[in-house]
$ cat run_11.pdb   # PDB, C-alpha atoms
ATOM      1  CA  MET K  29    -152.919   3.535 166.455
ATOM      2  CA  SER K  30    -151.752   6.991 167.428
ATOM      3  CA  ARG K  31    -154.134   9.912 167.158
ATOM      4  CA  ARG K  32    -153.953  11.906 163.952
ATOM      5  CA  SER K  33    -152.931  14.991 165.904
ATOM      6  CA  ASP K  34    -149.586  13.178 166.318
ATOM      7  CA  ARG K  35    -149.126  12.334 162.642
ATOM      8  CA  ILE K  36    -146.650  14.213 160.532
ATOM      9  CA  VAL K  37    -147.777  14.592 156.926
ATOM     10  CA  HIS K  38    -146.906  16.701 153.948
ATOM     11  CA  LEU K  39    -148.531  17.913 150.774
ATOM     12  CA  GLU K  40    -145.843  19.655 148.756
ATOM     13  CA  LEU K  41    -144.239  18.941 145.349
ATOM     14  CA  HIS K  42    -140.841  20.670 145.372
ATOM     15  CA  THR K  43    -137.320  19.681 146.377
ATOM     16  CA  GLY K  44    -137.428  20.536 150.076
ATOM     17  CA  ASP K  45    -135.376  23.691 149.484
ATOM     18  CA  LEU K  46    -136.589  26.298 152.007
ATOM     19  CA  PRO K  47    -136.668  29.276 149.592
ATOM     20  CA  ALA K  48    -138.695  27.168 147.179
ATOM     21  CA  ALA K  49    -141.004  26.185 150.027
ATOM     22  CA  CYS K  50    -141.490  29.818 150.998
ATOM     23  CA  ASP K  51    -142.229  30.772 147.419
ATOM     24  CA  PHE K  52    -144.683  27.879 147.052
ATOM     25  CA  TYR K  53    -146.689  28.669 150.174
ATOM     26  CA  THR K  54    -146.529  32.418 149.647
ATOM     27  CA  ARG K  55    -148.135  31.995 146.228
ATOM     28  CA  LEU K  56    -150.545  29.287 147.329
ATOM     29  CA  CYS K  57    -151.704  30.527 150.731
ATOM     30  CA  GLY K  58    -150.188  33.959 151.289
ATOM     31  CA  TRP K  59    -148.035  32.756 154.213
ATOM     32  CA  SER K  60    -144.810  34.535 155.184
ATOM     33  CA  GLN K  61    -141.328  33.001 155.286
ATOM     34  CA  GLU K  62    -141.277  33.419 159.077
ATOM     35  CA  ARG K  63    -144.491  31.429 159.405
ATOM     36  CA  ILE K  64    -143.142  28.620 157.242
ATOM     37  CA  GLU K  65    -139.777  28.503 159.036
ATOM     38  CA  ALA K  66    -141.533  28.370 162.413
ATOM     39  CA  GLY K  67    -143.309  25.175 161.472
ATOM     40  CA  ARG K  68    -140.587  23.506 159.469
ATOM     41  CA  ALA K  69    -138.870  21.780 162.374
ATOM     42  CA  SER K  70    -142.112  20.112 163.462
ATOM     43  CA  TYR K  71    -142.478  18.069 160.289
ATOM     44  CA  LEU K  72    -141.070  14.855 158.897
ATOM     45  CA  ALA K  73    -140.971  14.118 155.199
ATOM     46  CA  LEU K  74    -143.519  11.900 153.502
ATOM     47  CA  ASP K  75    -142.556  10.745 150.030
ATOM     48  CA  VAL K  76    -145.153  12.286 147.715
ATOM     49  CA  GLY K  77    -144.712   9.246 145.494
ATOM     50  CA  ARG K  78    -146.136   7.179 148.340
ATOM     51  CA  VAL K  79    -148.943   9.550 149.284
ATOM     52  CA  GLY K  80    -151.465   6.783 148.714
ATOM     53  CA  GLY K  81    -149.725   4.706 151.360
ATOM     54  CA  GLY K  82    -150.694   6.919 154.274
ATOM     55  CA  ALA K  83    -148.949   9.330 156.595
ATOM     56  CA  VAL K  84    -145.777   8.930 158.588
ATOM     57  CA  GLU K  85    -146.464   8.782 162.308
ATOM     58  CA  CYS K  86    -144.394  10.252 165.109
ATOM     59  CA  ALA K  87    -144.866  11.593 168.597
ATOM     60  CA  THR K  88    -144.438  15.287 167.769
ATOM     61  CA  PRO K  89    -147.711  17.255 167.929
ATOM     62  CA  ARG K  90    -148.579  18.872 164.623
ATOM     63  CA  PRO K  91    -149.230  22.631 164.462
ATOM     64  CA  LEU K  92    -152.691  23.471 163.201
ATOM     65  CA  TRP K  93    -151.801  25.847 160.434
ATOM     66  CA  LEU K  94    -149.780  23.814 157.950
ATOM     67  CA  PRO K  95    -148.944  20.244 156.946
ATOM     68  CA  TYR K  96    -145.390  21.194 155.860
ATOM     69  CA  VAL K  97    -143.962  19.015 153.109
ATOM     70  CA  ALA K  98    -140.320  18.380 152.350
ATOM     71  CA  VAL K  99    -139.511  16.094 149.444
ATOM     72  CA  PRO K 100    -135.753  15.308 149.559
ATOM     73  CA  SER K 101    -135.386  15.236 145.772
ATOM     74  CA  VAL K 102    -137.436  15.793 142.654
ATOM     75  CA  GLU K 103    -136.707  12.212 141.665
ATOM     76  CA  ARG K 104    -138.581  10.920 144.702
ATOM     77  CA  ALA K 105    -141.701  12.875 143.748
ATOM     78  CA  THR K 106    -143.562  10.788 141.231
ATOM     79  CA  GLU K 107    -144.059  11.979 137.689
ATOM     80  CA  ARG K 108    -147.812  11.735 138.145
ATOM     81  CA  SER K 109    -147.780  13.909 141.275
ATOM     82  CA  LEU K 110    -145.822  16.627 139.529
ATOM     83  CA  ALA K 111    -148.036  16.541 136.451
ATOM     84  CA  LEU K 112    -151.250  16.653 138.456
ATOM     85  CA  GLY K 113    -149.975  19.362 140.784
ATOM     86  CA  ALA K 114    -148.932  21.487 137.838
ATOM     87  CA  SER K 115    -152.263  21.052 136.092
ATOM     88  CA  LEU K 116    -154.116  21.903 139.270
ATOM     89  CA  LEU K 117    -152.309  25.192 139.783
ATOM     90  CA  LEU K 118    -150.832  26.291 136.476
ATOM     91  CA  ALA K 119    -152.475  24.820 133.346
ATOM     92  CA  PRO K 120    -152.908  27.806 131.010
ATOM     93  CA  TRP K 121    -154.810  26.133 128.160
ATOM     94  CA  PRO K 122    -158.600  26.084 128.645
ATOM     95  CA  GLY K 123    -159.233  22.717 126.998
ATOM     96  CA  ALA K 124    -156.400  20.951 128.774
ATOM     97  CA  ARG K 125    -157.270  22.707 132.028
ATOM     98  CA  VAL K 126    -160.838  21.385 131.997
ATOM     99  CA  ARG K 127    -159.661  17.811 131.436
ATOM    100  CA  GLN K 128    -156.701  17.920 133.796
ATOM    101  CA  GLN K 129    -158.382  19.807 136.643
ATOM    102  CA  GLY K 130    -160.946  17.085 137.187
ATOM    103  CA  HIS K 131    -158.284  14.383 137.510
ATOM    104  CA  ALA K 132    -156.020  16.612 139.592
ATOM    105  CA  PHE K 133    -158.798  17.676 141.934
ATOM    106  CA  ARG K 134    -159.856  14.065 142.575
ATOM    107  CA  PHE K 135    -156.232  13.057 143.167
ATOM    108  CA  TRP K 136    -155.698  15.812 145.747
ATOM    109  CA  CYS K 137    -159.020  15.184 147.480
ATOM    110  CA  ARG K 138    -158.291  11.468 147.753
ATOM    111  CA  SER K 139    -154.783  12.171 149.017
ATOM    112  CA  LEU K 140    -156.020  14.652 151.627
ATOM    113  CA  CYS K 141    -158.764  12.275 152.747
ATOM    114  CA  ARG K 142    -156.201   9.523 153.281
ATOM    115  CA  ILE K 143    -153.911  11.887 155.182
ATOM    116  CA  PHE K 144    -156.770  13.139 157.365
ATOM    117  CA  GLY K 145    -158.107   9.643 158.025
ATOM    118  CA  LEU K 146    -161.318  10.424 156.159
ATOM    119  CA  ARG K 147    -162.774   7.231 154.693
ATOM    120  CA  VAL K 148    -165.303   7.931 151.958
ATOM    121  CA  ARG K 149    -167.919   5.174 151.444
ATOM    122  CA  PRO K 150    -169.682   5.925 148.137
ATOM    123  CA  SER K 151    -172.861   4.231 146.959
ATOM    124  CA  GLY K 152    -174.768   4.735 143.738
ATOM    125  CA  THR K 153    -173.289   6.029 140.485
ATOM    126  CA  PRO K 154    -171.679   9.491 140.345
ATOM    127  CA  PRO K 155    -172.761  11.580 137.337
ATOM    128  CA  LYS K 156    -170.289  12.279 134.555
ATOM    129  CA  PRO K 157    -169.502  15.830 133.421
ATOM    130  CA  PRO K 158    -171.158  18.031 132.487
ATOM    131  CA  PHE K 159    -173.648  17.808 135.352
ATOM    132  CA  PHE K 160    -175.454  19.934 137.933
ATOM    133  CA  LEU K 161    -175.541  18.335 141.405
ATOM    134  CA  VAL K 162    -176.885  19.368 144.812
ATOM    135  CA  ALA K 163    -175.897  17.949 148.208
ATOM    136  CA  ASN K 164    -176.596  18.563 151.860
ATOM    137  CA  HIS K 165    -173.969  20.531 153.743
ATOM    138  CA  LEU K 166    -172.419  19.551 157.078
ATOM    139  CA  SER K 167    -168.764  20.601 157.114
ATOM    140  CA  TYR K 168    -165.795  22.003 155.216
ATOM    141  CA  ALA K 169    -164.897  18.321 154.764
ATOM    142  CA  ASP K 170    -167.844  17.969 152.340
ATOM    143  CA  ILE K 171    -165.689  19.441 149.568
ATOM    144  CA  LEU K 172    -163.059  16.729 150.012
ATOM    145  CA  VAL K 173    -165.660  13.964 150.269
ATOM    146  CA  LEU K 174    -167.444  14.957 147.059
ATOM    147  CA  GLY K 175    -164.137  15.699 145.362
ATOM    148  CA  THR K 176    -162.971  12.103 145.738
ATOM    149  CA  GLU K 177    -165.739  10.970 143.367
ATOM    150  CA  LEU K 178    -166.571  13.999 141.220
ATOM    151  CA  PRO K 179    -164.462  16.106 138.858
ATOM    152  CA  CYS K 180    -166.345  19.323 139.504
ATOM    153  CA  VAL K 181    -166.495  23.032 140.236
ATOM    154  CA  PHE K 182    -168.118  24.072 143.522
ATOM    155  CA  VAL K 183    -170.304  27.054 144.224
ATOM    156  CA  ALA K 184    -169.127  27.990 147.722
ATOM    157  CA  LYS K 185    -169.547  30.818 150.204
ATOM    158  CA  ALA K 186    -167.110  33.670 149.741
ATOM    159  CA  GLU K 187    -165.363  33.290 153.116
ATOM    160  CA  ILE K 188    -163.781  29.975 152.025
ATOM    161  CA  ASP K 189    -161.650  31.954 149.581
ATOM    162  CA  GLY K 190    -159.553  33.195 152.520
ATOM    163  CA  TRP K 191    -158.999  29.845 154.234
ATOM    164  CA  PRO K 192    -155.507  28.290 154.184
ATOM    165  CA  LEU K 193    -155.283  25.133 152.061
ATOM    166  CA  PHE K 194    -159.044  24.747 151.438
ATOM    167  CA  GLY K 195    -159.247  28.198 149.867
ATOM    168  CA  ALA K 196    -156.197  27.581 147.698
ATOM    169  CA  LEU K 197    -157.507  24.198 146.584
ATOM    170  CA  CYS K 198    -160.887  25.711 145.676
ATOM    171  CA  ARG K 199    -159.358  28.669 143.828
ATOM    172  CA  SER K 200    -157.125  26.429 141.745
ATOM    173  CA  VAL K 201    -160.144  24.585 140.296
ATOM    174  CA  ASN K 202    -162.138  27.743 139.534
ATOM    175  CA  THR K 203    -164.584  27.506 142.434
ATOM    176  CA  ILE K 204    -167.402  30.028 142.065
ATOM    177  CA  PHE K 205    -167.497  32.051 145.284
ATOM    178  CA  ILE K 206    -170.786  33.648 146.234
ATOM    179  CA  ASP K 207    -171.794  36.200 148.842
ATOM    180  CA  ARG K 208    -175.365  35.131 149.578
ATOM    181  CA  ARG K 209    -176.109  38.476 151.209
ATOM    182  CA  ALA K 210    -175.487  40.291 147.911
ATOM    183  CA  LYS K 211    -178.516  39.406 145.785
ATOM    184  CA  ARG K 212    -177.263  41.592 142.960
ATOM    185  CA  GLU K 213    -174.495  39.002 142.469
ATOM    186  CA  LEU K 214    -176.975  36.284 141.499
ATOM    187  CA  PRO K 215    -177.111  36.984 137.722
ATOM    188  CA  ARG K 216    -173.302  36.921 137.530
ATOM    189  CA  ILE K 217    -173.138  33.637 139.478
ATOM    190  CA  LEU K 218    -175.800  32.011 137.288
ATOM    191  CA  ALA K 219    -173.925  33.161 134.182
ATOM    192  CA  ARG K 220    -170.703  31.592 135.478
ATOM    193  CA  ILE K 221    -172.496  28.336 136.253
ATOM    194  CA  GLU K 222    -173.904  28.262 132.731
ATOM    195  CA  THR K 223    -170.461  28.934 131.249
ATOM    196  CA  THR K 224    -168.927  26.191 133.394
ATOM    197  CA  LEU K 225    -171.511  23.635 132.273
ATOM    198  CA  ALA K 226    -171.051  24.682 128.643
ATOM    199  CA  ALA K 227    -167.309  24.036 129.041
ATOM    200  CA  GLY K 228    -168.057  20.424 129.928
ATOM    201  CA  GLN K 229    -167.513  20.631 133.690
ATOM    202  CA  GLY K 230    -169.679  19.474 136.575
ATOM    203  CA  VAL K 231    -171.112  21.994 139.045
ATOM    204  CA  VAL K 232    -171.927  21.235 142.701
ATOM    205  CA  ILE K 233    -173.983  23.492 144.981
ATOM    206  CA  PHE K 234    -175.075  23.295 148.624
ATOM    207  CA  PRO K 235    -178.612  24.717 148.460
ATOM    208  CA  GLU K 236    -179.119  24.766 152.235
ATOM    209  CA  GLY K 237    -176.999  27.918 152.096
ATOM    210  CA  THR K 238    -175.007  27.008 155.210
ATOM    211  CA  SER K 239    -173.964  23.898 157.090
ATOM    212  CA  SER K 240    -176.573  22.226 159.272
ATOM    213  CA  ALA K 241    -176.187  20.800 162.781
ATOM    214  CA  GLY K 242    -176.477  17.283 161.385
ATOM    215  CA  HIS K 243    -179.889  16.304 162.725
ATOM    216  CA  ASP K 244    -181.807  17.030 159.522
ATOM    217  CA  VAL K 245    -181.515  18.474 156.024
ATOM    218  CA  MET K 246    -182.525  22.114 156.061
ATOM    219  CA  PRO K 247    -184.871  23.549 153.401
ATOM    220  CA  PHE K 248    -183.184  24.094 150.050
ATOM    221  CA  ARG K 249    -182.945  27.634 148.744
ATOM    222  CA  SER K 250    -184.078  27.795 145.149
ATOM    223  CA  ALA K 251    -182.214  30.816 143.757
ATOM    224  CA  LEU K 252    -179.333  28.846 142.197
ATOM    225  CA  LEU K 253    -181.790  26.304 140.810
ATOM    226  CA  ASP K 254    -183.247  28.938 138.529
ATOM    227  CA  LEU K 255    -180.780  28.040 135.793
ATOM    228  CA  PRO K 256    -181.566  24.294 135.529
ATOM    229  CA  ALA K 257    -185.296  24.984 135.934
ATOM    230  CA  ARG K 258    -185.268  27.618 133.182
ATOM    231  CA  LEU K 259    -183.068  25.675 130.745
ATOM    232  CA  GLY K 260    -184.436  22.215 131.459
ATOM    233  CA  TYR K 261    -181.249  20.724 132.921
ATOM    234  CA  ALA K 262    -181.507  17.521 134.913
ATOM    235  CA  VAL K 263    -180.285  18.032 138.498
ATOM    236  CA  HIS K 264    -178.429  15.204 140.217
ATOM    237  CA  TRP K 265    -178.221  14.871 143.979
ATOM    238  CA  ALA K 266    -176.119  13.296 146.730
ATOM    239  CA  SER K 267    -176.419  12.780 150.468
ATOM    240  CA  ILE K 268    -173.421  13.086 152.826
ATOM    241  CA  SER K 269    -173.116  11.855 156.406
ATOM    242  CA  TYR K 270    -170.302  11.157 158.892
ATOM    243  CA  ARG K 271    -169.428   8.603 161.544
ATOM    244  CA  VAL K 272    -166.598   8.648 164.099
ATOM    245  CA  PRO K 273    -165.239   6.046 166.556
ATOM    246  CA  ALA K 274    -167.246   5.363 169.705
ATOM    247  CA  GLY K 275    -165.881   7.190 172.711
ATOM    248  CA  GLU K 276    -164.482  10.146 170.717
ATOM    249  CA  LEU K 277    -166.037  13.576 170.300
ATOM    250  CA  PRO K 278    -169.389  13.035 168.504
ATOM    251  CA  ALA K 279    -169.554  13.680 164.764
ATOM    252  CA  HIS K 280    -171.967  16.614 165.084
ATOM    253  CA  LEU K 281    -169.280  18.448 167.085
ATOM    254  CA  SER K 282    -166.003  17.081 165.700
ATOM    255  CA  VAL K 283    -166.878  16.905 161.976
ATOM    256  CA  GLY K 284    -170.022  18.978 161.543
ATOM    257  CA  TRP K 285    -169.149  22.684 161.449
ATOM    258  CA  TRP K 286    -172.217  24.738 162.202
ATOM    259  CA  GLY K 287    -173.613  27.638 164.173
ATOM    260  CA  ASP K 288    -170.869  29.862 165.588
ATOM    261  CA  MET K 289    -168.089  27.267 165.749
ATOM    262  CA  PRO K 290    -164.669  28.902 165.133
ATOM    263  CA  LEU K 291    -162.618  27.257 162.407
ATOM    264  CA  ALA K 292    -159.214  26.667 164.030
ATOM    265  CA  PRO K 293    -160.404  24.991 167.275
ATOM    266  CA  HIS K 294    -162.862  22.887 165.298
ATOM    267  CA  LEU K 295    -160.153  21.808 162.868
ATOM    268  CA  ALA K 296    -158.054  20.744 165.869
ATOM    269  CA  GLU K 297    -160.860  18.483 167.081
ATOM    270  CA  PHE K 298    -161.375  17.104 163.571
ATOM    271  CA  LEU K 299    -157.685  16.238 163.204
ATOM    272  CA  ALA K 300    -157.621  14.622 166.660
ATOM    273  CA  LEU K 301    -160.114  11.923 165.625
ATOM    274  CA  SER K 302    -158.681   8.463 164.952
ATOM    275  CA  TRP K 303    -160.706   8.229 161.746
ATOM    276  CA  VAL K 304    -163.853   9.564 160.121
ATOM    277  CA  GLU K 305    -166.167   7.550 157.897
ATOM    278  CA  ALA K 306    -168.171   9.455 155.288
ATOM    279  CA  PRO K 307    -171.105   7.614 153.660
ATOM    280  CA  LEU K 308    -171.788   9.314 150.319
ATOM    281  CA  ALA K 309    -174.983   8.270 148.507
ATOM    282  CA  PHE K 310    -175.613   9.355 144.907
ATOM    283  CA  GLY K 311    -179.214   9.496 143.739
ATOM    284  CA  ALA K 312    -180.308   6.935 141.174
ATOM    285  CA  GLN K 313    -182.278   9.436 139.076
ATOM    286  CA  PRO K 314    -181.878  13.190 138.536
ATOM    287  CA  PHE K 315    -184.832  15.582 138.694
ATOM    288  CA  GLU K 316    -186.173  18.012 136.121
ATOM    289  CA  ASP K 317    -188.761  20.703 136.829
ATOM    290  CA  ASP K 318    -189.502  24.082 135.290
ATOM    291  CA  ASP K 319    -190.453  25.516 138.698
ATOM    292  CA  ARG K 320    -187.338  26.189 140.775
ATOM    293  CA  LYS K 321    -189.123  26.120 144.139
ATOM    294  CA  ARG K 322    -190.814  22.843 143.366
ATOM    295  CA  LEU K 323    -187.482  21.482 142.106
ATOM    296  CA  ALA K 324    -185.842  22.518 145.404
ATOM    297  CA  GLU K 325    -188.526  20.712 147.412
ATOM    298  CA  ARG K 326    -188.202  17.510 145.369
ATOM    299  CA  LEU K 327    -184.431  17.491 145.661
ATOM    300  CA  ARG K 328    -184.516  18.113 149.392
ATOM    301  CA  ALA K 329    -186.989  15.271 149.902
ATOM    302  CA  ALA K 330    -184.723  12.869 147.990
ATOM    303  CA  VAL K 331    -181.577  13.908 149.881
ATOM    304  CA  ARG K 332    -183.421  13.780 153.194
ATOM    305  CA  GLU K 333    -184.644  10.228 152.525
ATOM    306  CA  GLU K 334    -181.041   8.999 152.120
ATOM    307  CA  PHE K 335    -179.524  11.164 154.861
ATOM    308  CA  VAL K 336    -178.236   9.440 158.011
ATOM    309  CA  PRO K 337    -178.402  12.001 160.869
ATOM    310  CA  LEU K 338    -175.259  12.694 162.863
ATOM    311  CA  VAL K 339    -177.270  13.442 165.998
ATOM    312  CA  ALA K 340    -180.857  13.346 167.249
ATOM    313  CA  GLY K 341    -182.966  16.458 166.878
ATOM    314  CA  GLU K 342    -183.652  16.430 170.620
ATOM    315  CA  GLU K 343    -179.938  16.903 171.357
ATOM    316  CA  ILE K 344    -179.704  19.900 169.052
ATOM    317  CA  ALA K 345    -182.814  21.382 170.683
ATOM    318  CA  ARG K 346    -181.166  20.877 174.096
ATOM    319  CA  LEU K 347    -177.995  22.644 172.944
ATOM    320  CA  GLU K 348    -179.975  25.542 171.500
ATOM    321  CA  ALA K 349    -181.869  25.888 174.786
ATOM    322  CA  LEU K 350    -178.563  25.953 176.687
ATOM    323  CA  ARG K 351    -177.308  28.696 174.385
ATOM    324  CA  GLU K 352    -180.080  30.903 175.750
ATOM    325  CA  SER K 353    -180.248  29.736 179.364
ATOM    326  CA  ASP K 354    -176.725  28.637 180.335
ATOM    327  CA  PRO K 355    -174.030  29.231 177.676
ATOM    328  CA  ALA K 356    -171.277  28.100 180.054
ATOM    329  CA  ALA K 357    -172.746  24.590 180.005
ATOM    330  CA  LEU K 358    -172.333  24.274 176.232
ATOM    331  CA  PRO K 359    -169.531  22.171 174.724
ATOM    332  CA  PRO K 360    -166.435  24.381 174.319
ATOM    333  CA  LEU K 361    -166.756  24.629 170.525
ATOM    334  CA  LEU K 362    -170.234  26.110 170.846
ATOM    335  CA  ARG K 363    -169.243  28.746 173.399
ATOM    336  CA  ARG K 364    -167.069  30.741 171.016
ATOM    337  CA  GLY K 365    -168.093  32.734 167.994
ATOM    338  CA  ARG K 366    -166.513  32.590 164.563
ATOM    339  CA  PRO K 367    -164.058  35.422 164.045
ATOM    340  CA  GLY K 368    -165.165  38.508 162.097
TER
END

$ encode --input "run_11.pdb" --output "structure tokens"
Amino acid sequence: MSRRSDRIVHLELHTGDLPAACDFYTRLCGWSQERIEAGRASYLALDVGRVGGGAVECATPRPLWLPYVAVPSVERATERSLALGASLLLAPWPGARVRQQGHAFRFWCRSLCRIFGLRVRPSGTPPKPPFFLVANHLSYADILVLGTELPCVFVAKAEIDGWPLFGALCRSVNTIFIDRRAKRELPRILARIETTLAAGQGVVIFPEGTSSAGHDVMPFRSALLDLPARLGYAVHWASISYRVPAGELPAHLSVGWWGDMPLAPHLAEFLALSWVEAPLAFGAQPFEDDDRKRLAERLRAAVREEFVPLVAGEEIARLEALRESDPAALPPLLRRGRPG
């Protein structure tokens, strides 16, 4: 099997007409016509109607910025793909939007996981909307993994809003973006979560506050758990982990995105993996507690019990020691800082 850095895939739902493509990506991601034209020649078409069948493979390296899609005709794009894509991005009616977004979001997450070679292995029973769920956080891929099983709205850090593809996908399903440094934003975020639950949607948060190195589950912050603790909501939980093929870059470096890893080089390593397996365990019973800090501790303990570490704690300690004593000896991804 060729490496996924050599696979040509596409994710678009229009006719392949270049002006339409430019309009689509300008609206979706803010990209210019020049940027789209520059990448167009590097892509082969994948019939959107066959998106479940996997990606087309070829020997041309894929640029990092865009999986360009060209569908030769509207007829070849399936009716379901068009309907789901439209509901994901455009549905103007609140009731229909709530129902359609969940199905559309799961469809796109499953399609992207197949394209990226990300094999989700769920266990346990996912909750049905409306629900409040917490999970550990390892990577930007967590959103896709959870999205394959849950029709939901995420509470995510504000910087994701500016990411190509991931940001657009999150915006189109009303993701609640939060700047954790601005504590004055908390009442507004809690109010939006309450409104989302009242509308019949599921809400997912990552209470660690940032992605971990993959050796353990970090302590859960309790601020966003104030709402379920105060109103008596049951809180569901899930545990995410990752595995990659032996002999390839280890999962804590190639899938886990933590510390000061820059996004683009890390995404290149992620896409170069032959495949990624993502065990996803849903808790059997939700938790209720009127004390948010105690609720956070109970949820963390449950997630931690199911969590399969990506790497031993001793290895992370070694890398942290190298960061102080000999940064040049660190793996390349850990030598560079995230931009701005």

$ closest_atom_pairs --input "run_11.pdb" --of "range 197-263 of chain K" --to "range 333-352 of chain K" --cutoff "8 Å" --atoms "only C-alpha atoms" --output "JSON lines"
{"residue": "K:Ala241", "atom": "CA", "partner": "K:Ile344", "partner_atom": "CA", "distance": 7.2}
{"residue": "K:Gly242", "atom": "CA", "partner": "K:Leu338", "partner_atom": "CA", "distance": 5.0}
{"residue": "K:His243", "atom": "CA", "partner": "K:Pro337", "partner_atom": "CA", "distance": 4.9}
{"residue": "K:Asp244", "atom": "CA", "partner": "K:Pro337", "partner_atom": "CA", "distance": 6.2}
{"residue": "K:Val245", "atom": "CA", "partner": "K:Phe335", "partner_atom": "CA", "distance": 7.7}

$ closest_residue --input "run_11.pdb" --among "K:Ala300, K:Cys141, K:Leu323, K:Leu178" --to "Leu277 in chain K" --atoms "all atoms listed in the file"
K:Ala300

$ closest_residue --input "run_11.pdb" --among "K:Ser151, K:Gln229, K:Asn164, K:Ile171" --to "Ala312 in chain K" --atoms "only C-alpha atoms"
K:Ser151

$ resolve_selection --input "run_11.pdb" --expression "the PyMOL selection byres ((chain K and resi 361) around 10)" --output "PyMOL selection string"
chain K and resi 281-282+285-291+293-294+297+358-360+362-366

$ residues_around --input "run_11.pdb" --residues "range 222-226 of chain K" --least-positions-apart "2" --cutoff "10 Å" --atoms "only C-alpha atoms" --output "list in words"
Val126, Pro157, Pro158, Phe159, Phe160, Cys180, Val181, Asn202, Ile204, Arg216, Ile217, Leu218, Ala219, Arg220, Gly228, Gln229, Gly230, Val231, Leu255, Pro256 and Leu259 of chain K

$ write_last_selection --input "run_11.pdb" --atoms "C-alpha atoms" --output "compact mmCIF listing (two decimals), in the coordinates of the input"
# COMPACT_ATOMS: atom_id res chain seq x y z
CA VAL K 126 -160.84 21.38 132.00
CA PRO K 157 -169.50 15.83 133.42
CA PRO K 158 -171.16 18.03 132.49
CA PHE K 159 -173.65 17.81 135.35
CA PHE K 160 -175.45 19.93 137.93
CA CYS K 180 -166.34 19.32 139.50
CA VAL K 181 -166.50 23.03 140.24
CA ASN K 202 -162.14 27.74 139.53
CA ILE K 204 -167.40 30.03 142.06
CA ARG K 216 -173.30 36.92 137.53
CA ILE K 217 -173.14 33.64 139.48
CA LEU K 218 -175.80 32.01 137.29
CA ALA K 219 -173.92 33.16 134.18
CA ARG K 220 -170.70 31.59 135.48
CA GLY K 228 -168.06 20.42 129.93
CA GLN K 229 -167.51 20.63 133.69
CA GLY K 230 -169.68 19.47 136.57
CA VAL K 231 -171.11 21.99 139.04
CA LEU K 255 -180.78 28.04 135.79
CA PRO K 256 -181.57 24.29 135.53
CA LEU K 259 -183.07 25.68 130.74

$ closest_residue --input "run_11.pdb" --among "K:Thr203, K:Ser167, K:Ser250, K:Ser302" --to "Phe133 in chain K" --atoms "all atoms listed in the file"
K:Thr203

$ atom_distance --input "run_11.pdb" --atom1 "CA of Ala186 in chain K" --atom2 "CA of Val162 in chain K"
18.0 Å

$ closest_residue --input "run_11.pdb" --among "K:Arg258, K:Lys211, K:Arg138, K:His131" --to "Leu174 in chain K" --atoms "all atoms listed in the file"
K:Arg138

$ residues_around --input "run_11.pdb" --residues "Phe310 in chain K" --least-positions-apart "2" --cutoff "7 Å" --atoms "all atoms listed in the file" --output "list in words"
Ser151, Gly152, Thr153, Pro154, Trp265, Ala266, Ser267, Leu308 and Ala312 of chain K

$ resolve_selection --input "run_11.pdb" --expression "the PyMOL selection byres ((chain K and resi 144) around 8)" --output "compact mmCIF listing (two decimals) with C-alpha atoms, in the coordinates of the input"
# COMPACT_ATOMS: atom_id res chain seq x y z
CA ARG K 32 -153.95 11.91 163.95
CA LEU K 140 -156.02 14.65 151.63
CA CYS K 141 -158.76 12.28 152.75
CA ARG K 142 -156.20 9.52 153.28
CA ILE K 143 -153.91 11.89 155.18
CA GLY K 145 -158.11 9.64 158.02
CA LEU K 146 -161.32 10.42 156.16
CA LEU K 299 -157.68 16.24 163.20
CA TRP K 303 -160.71 8.23 161.75

$ atom_distance --input "run_11.pdb" --atom1 "CA of Ala184 in chain K" --atom2 "CA of Val331 in chain K"
18.9 Å

$ atom_distance --input "run_11.pdb" --atom1 "CA of Arg271 in chain K" --atom2 "CA of Ala309 in chain K"
14.2 Å

$ closest_residue --input "run_11.pdb" --among "K:Pro215, K:Gly260, K:Gly130, K:Gly275" --to "Gly175 in chain K" --atoms "only C-alpha atoms"
K:Gly130
